[in-house]
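Undergrad: Dropping a structure here in structure tokens format, bear with me for questions.
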Amino acid sequence: MKSEIIQPNVNLLESMRSVGYSLEAAVADLIDNSITATARNIVIDADVVEGKYVAVLDDGCGMSSEIAREALRLAGATGDRDASDLGRFGLGLKTASLSQARCLTVATKRHEVVTALRWDIDFVRDSGEWLLNVLDKTDTCTLPLWAELNAQPSGTLVVWNDLDLLLGDTTTPGVFLAERLGDVRSSLALVFHRFLADQRGRLNITVNGITLHPIDPFLSGNPKTQRTALETLRIGGADVKVEGFTLPHASALTPEERRRPDLGDGMRDAQGFYIYRNRRLISHGHWYGLAGMNELSKQTRVKVDVPTSLDALWQLDIKKSRTEPPPSFKSRLRQLIDPILDRGHRVHTFRGRTVRTDVAHVWTKLKTREGFLYEVNLDSPLVGSVLSHLDPEDAERIVGLLQTIATTFPVMDAYLEAASNVPVVATRPEREMIIARLRDMHQSGLFDEAPDVALTQLAGVEPFNTIDDLQSLVDFVWKDNHVTE
Ligand SMILES: Nc1ncnc2c1ncn2[C@@H]1O[C@H](COP(=O)(O)OP(=O)(O)OP(=O)(O)O)[C@@H](O)[C@H]1O
Ligand SMILES: [Mg+2]
């Protein structure tokens, strides 16, 4: 058998452009490289006047002239990778950049030596050869952010020009680019939130002058967030770490948190697994089909840390925005998430109330064959004590009124409001109203004469079970009634 060398056609460069990168994923791929190069500061600058370039500068270790050439080779050799390397395929820099632009320039500085190289798709196509442009000093110093790179001891500057696929058919490139920056900022603030929040070696990223603040999907800093103990699952000789979070109900969010789309209208779509590779978020917003994207589970997010040794098993894709765990692992994940989801459901059903089954609620939920409905609980002592003072005709009228109010309650409207996370204003009953109701209670004879016994009885009756100083109110009313009797 003979062998022949068949070189790839230069059209490969053009074909690679359609891998399907979003702008956000493409920029994230460059940031991966900067983080791996131990950069602490990353500056992103997009030309929002003419839409001619996007530039990313880091202060990492930079590249020697040989490494830079290898870096621009498709699937270039990178030697042994460190376990903390965010790269894997040797493609990101090229595919991500060319998915947005026809021209990719890399200027890099290491040990005072600057190397500047360029893939220009049109130049390669016209020449019919894999010809890499080598920029001289005069070309290099016209690059955006060149002065900043030049002033640093080391670092790398990546510049995209001729942004054909990024800009599409827009007639206002600068404005278009400016509008896209908002999404880039929020996406990077989420994908790299653990680096941006790292106390030991914080990463600083600015996008057109604005510093990114981490978007923590788990609201770890909110005291009302509940988290499960960290579970370690062993698979393929490596450890995968899993931790469940139940976010607080909308009413316990800070005003700043409430403005976040993923905690507002977008909350339902943001539930599910958050898969991290070396602390970098790879994918989120799904349950791998192990649970539904339900309204009741929208408070639940599960953090999964997967080591790079499992890349192949987890089917990490080239864009690093998708993974799929092996089936054996999915079934173990399923066992883990069921109790976490269960807890998420309780955020809705028992919010703000002590979970006790013996409370006499004012409202009762009735399940029928057609569905469910709410009724005023006529057996509640609250209702009974009022009715006991009335003659049968008036009592009948009041019961009719309560039933009409119940049947006309706008259940669907309340559901939609709650679903869109509009906080429910929790109105506390007025003190005077509570005292008046307690007087009714006392006079109805439904409760014990002894205040301390009555107190225990009332603790099982809505709304008295939510009153903090019930004891003093009961003492007051019970004594007061004795004096006036
Ligand atoms: N900002 C940078 N600073 C230093 N070296 C870099 C930088 N960007 C890229 N490199 C070098 O170029 C190589 C190729 O980068 P590229 O993104 O194409 O592939 P990768 O990061 O190795 O893998 P992946 O395809 O998974 O991203 C890197 O391995 C690294 O050696
Ligand atoms: Mg890379």
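Labeling convention for the structure tokens: chains A, B, ... as they appear, residues from 1 per chain, ligands from 1 in order of appearance.
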Which residues of chain A come within 7 Å of ligand 2, and what is each one's closest atom pair and distance in Å (one decimal), counting only C-alpha atoms and all ligand atoms, sorted by chain and residue number, as JSON lines?
TA:
```
{"residue": "A:Asp29", "atom": "CA", "partner": "ligand 2", "partner_atom_place_in_ligand_line": "1 (Mg)", "distance": 5.6}
{"residue": "A:Leu30", "atom": "CA", "partner": "ligand 2", "partner_atom_place_in_ligand_line": "1 (Mg)", "distance": 6.3}
{"residue": "A:Asp32", "atom": "CA", "partner": "ligand 2", "partner_atom_place_in_ligand_line": "1 (Mg)", "distance": 5.8}
{"residue": "A:Asn33", "atom": "CA", "partner": "ligand 2", "partner_atom_place_in_ligand_line": "1 (Mg)", "distance": 4.7}
{"residue": "A:Leu86", "atom": "CA", "partner": "ligand 2", "partner_atom_place_in_ligand_line": "1 (Mg)", "distance": 6.7}
{"residue": "A:Gly87", "atom": "CA", "partner": "ligand 2", "partner_atom_place_in_ligand_line": "1 (Mg)", "distance": 4.4}
{"residue": "A:Arg88", "atom": "CA", "partner": "ligand 2", "partner_atom_place_in_ligand_line": "1 (Mg)", "distance": 6.9}
{"residue": "A:Gly90", "atom": "CA", "partner": "ligand 2", "partner_atom_place_in_ligand_line": "1 (Mg)", "distance": 6.3}
{"residue": "A:Leu91", "atom": "CA", "partner": "ligand 2", "partner_atom_place_in_ligand_line": "1 (Mg)", "distance": 6.5}
{"residue": "A:Gly92", "atom": "CA", "partner": "ligand 2", "partner_atom_place_in_ligand_line": "1 (Mg)", "distance": 4.3}
{"residue": "A:Leu93", "atom": "CA", "partner": "ligand 2", "partner_atom_place_in_ligand_line": "1 (Mg)", "distance": 5.5}
```
Undergrad: Write as an mmCIF file with C-alpha atoms, in the first residue's frame the residues around ligand 1, taking 8 Å as the cut-off and counting only C-alpha atoms and all ligand atoms.
TA:
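To be explicit, this is the file written out as out17.cif:
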```cif
data_model
loop_
_atom_site.group_PDB
_atom_site.id
_atom_site.type_symbol
_atom_site.label_atom_id
_atom_site.label_comp_id
_atom_site.auth_asym_id
_atom_site.auth_seq_id
_atom_site.Cartn_x
_atom_site.Cartn_y
_atom_site.Cartn_z
ATOM 1 C CA ASP A 29 -13.170 31.611 23.342
ATOM 2 C CA LEU A 30 -10.584 34.405 23.163
ATOM 3 C CA ILE A 31 -10.983 35.050 26.875
ATOM 4 C CA ASP A 32 -10.376 31.349 27.557
ATOM 5 C CA ASN A 33 -7.000 31.746 25.868
ATOM 6 C CA SER A 34 -6.175 34.871 27.861
ATOM 7 C CA ILE A 35 -7.065 33.187 31.168
ATOM 8 C CA THR A 36 -4.958 30.158 30.264
ATOM 9 C CA ALA A 37 -2.100 32.583 29.537
ATOM 10 C CA ALA A 39 -3.839 37.221 32.213
ATOM 11 C CA LEU A 57 -5.996 42.735 24.662
ATOM 12 C CA ASP A 58 -4.641 40.742 27.582
ATOM 13 C CA GLY A 60 -0.886 37.342 29.954
ATOM 14 C CA CYS A 61 2.427 35.645 29.233
ATOM 15 C CA GLY A 62 2.282 36.362 25.491
ATOM 16 C CA MET A 63 3.877 34.121 22.870
ATOM 17 C CA ILE A 67 4.551 29.608 19.529
ATOM 18 C CA ALA A 68 2.602 32.384 17.803
ATOM 19 C CA GLU A 70 1.908 27.374 15.904
ATOM 20 C CA ALA A 71 -1.009 29.186 17.540
ATOM 21 C CA LEU A 72 -2.250 30.363 14.148
ATOM 22 C CA ARG A 73 -1.956 26.934 12.574
ATOM 23 C CA LEU A 74 -5.270 25.082 12.485
ATOM 24 C CA ALA A 75 -5.214 22.476 15.280
ATOM 25 C CA GLY A 76 -1.649 23.563 15.983
ATOM 26 C CA ALA A 77 0.445 21.600 18.457
ATOM 27 C CA THR A 78 0.280 22.997 21.958
ATOM 28 C CA ASP A 85 -6.020 24.857 30.491
ATOM 29 C CA LEU A 86 -9.318 26.162 29.159
ATOM 30 C CA GLY A 87 -8.395 25.047 25.623
ATOM 31 C CA ARG A 88 -8.677 21.610 24.120
ATOM 32 C CA PHE A 89 -8.872 21.514 20.335
ATOM 33 C CA GLY A 90 -6.230 23.942 19.073
ATOM 34 C CA LEU A 91 -8.926 25.670 17.024
ATOM 35 C CA GLY A 92 -10.696 28.304 19.136
ATOM 36 C CA LEU A 93 -8.627 31.344 18.235
ATOM 37 C CA LYS A 94 -9.040 30.722 14.509
ATOM 38 C CA THR A 95 -12.578 29.342 14.278
ATOM 39 C CA THR A 108 1.870 39.201 20.869
ATOM 40 C CA GLY A 155 0.553 40.126 26.493
ATOM 41 C CA THR A 156 -1.485 39.339 23.426
ATOM 42 C CA LEU A 157 -3.719 41.463 21.226
ATOM 43 C CA VAL A 158 -6.270 39.841 18.923
ATOM 44 C CA ILE A 318 -15.642 22.797 19.669
ATOM 45 C CA LYS A 319 -17.448 26.008 20.669
ATOM 46 C CA LYS A 320 -17.391 24.873 24.310
#
```
Undergrad: Just list the residues in range 173-362 of chain A DSSP gives strand (DSSP E or B) on the backbone, as a ChimeraX atom specification.
TA: /A:204-207,210-211,226-227,231-235,238-246,272-277,280-284,300-306,360
Undergrad: Given only C-alpha atoms as the basis, pick out the residue of A:Cys141, A:Leu203, A:Val54, A:Val106 nearest to Leu167 in chain A.
TA: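 For Leu167 in chain A, the nearest of the given residues is A:Val54.
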Undergrad: Could you write out, as a CSV table (one decimal) with N, CA and C atoms, in the first residue's frame, all the residues of range 242-326 of chain A that DSSP marks as alpha helix (DSSP H)?
TA:
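Contents of the output file part_3.csv:
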```csv
chain,number,residue,atom,x,y,z
A,255,PRO,N,-33.3,44.7,45.3
A,255,PRO,CA,-33.7,45.5,44.1
A,255,PRO,C,-32.8,45.2,42.9
A,256,GLU,N,-31.5,45.1,43.2
A,256,GLU,CA,-30.5,44.9,42.1
A,256,GLU,C,-30.7,43.5,41.5
A,257,GLU,N,-30.9,42.5,42.3
A,257,GLU,CA,-31.1,41.2,41.8
A,257,GLU,C,-32.4,41.1,41.0
A,258,ARG,N,-33.4,41.8,41.4
A,258,ARG,CA,-34.7,41.8,40.7
A,258,ARG,C,-34.6,42.3,39.3
```
Undergrad: If we count only C-alpha atoms, what is near range 218-223 of chain A at a cut-off of 7 Å, once residues fewer than 6 positions away on the same chain are taken out, given as an mmCIF file with C-alpha atoms, in the first residue's frame?
TA:
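After the write, around-v2.cif holds the following:
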```cif
data_model
loop_
_atom_site.group_PDB
_atom_site.id
_atom_site.type_symbol
_atom_site.label_atom_id
_atom_site.label_comp_id
_atom_site.auth_asym_id
_atom_site.auth_seq_id
_atom_site.Cartn_x
_atom_site.Cartn_y
_atom_site.Cartn_z
ATOM 1 C CA PHE A 245 -29.271 25.652 44.932
ATOM 2 C CA LEU A 247 -33.042 30.486 44.927
ATOM 3 C CA ARG A 301 -30.197 25.515 39.732
#
```
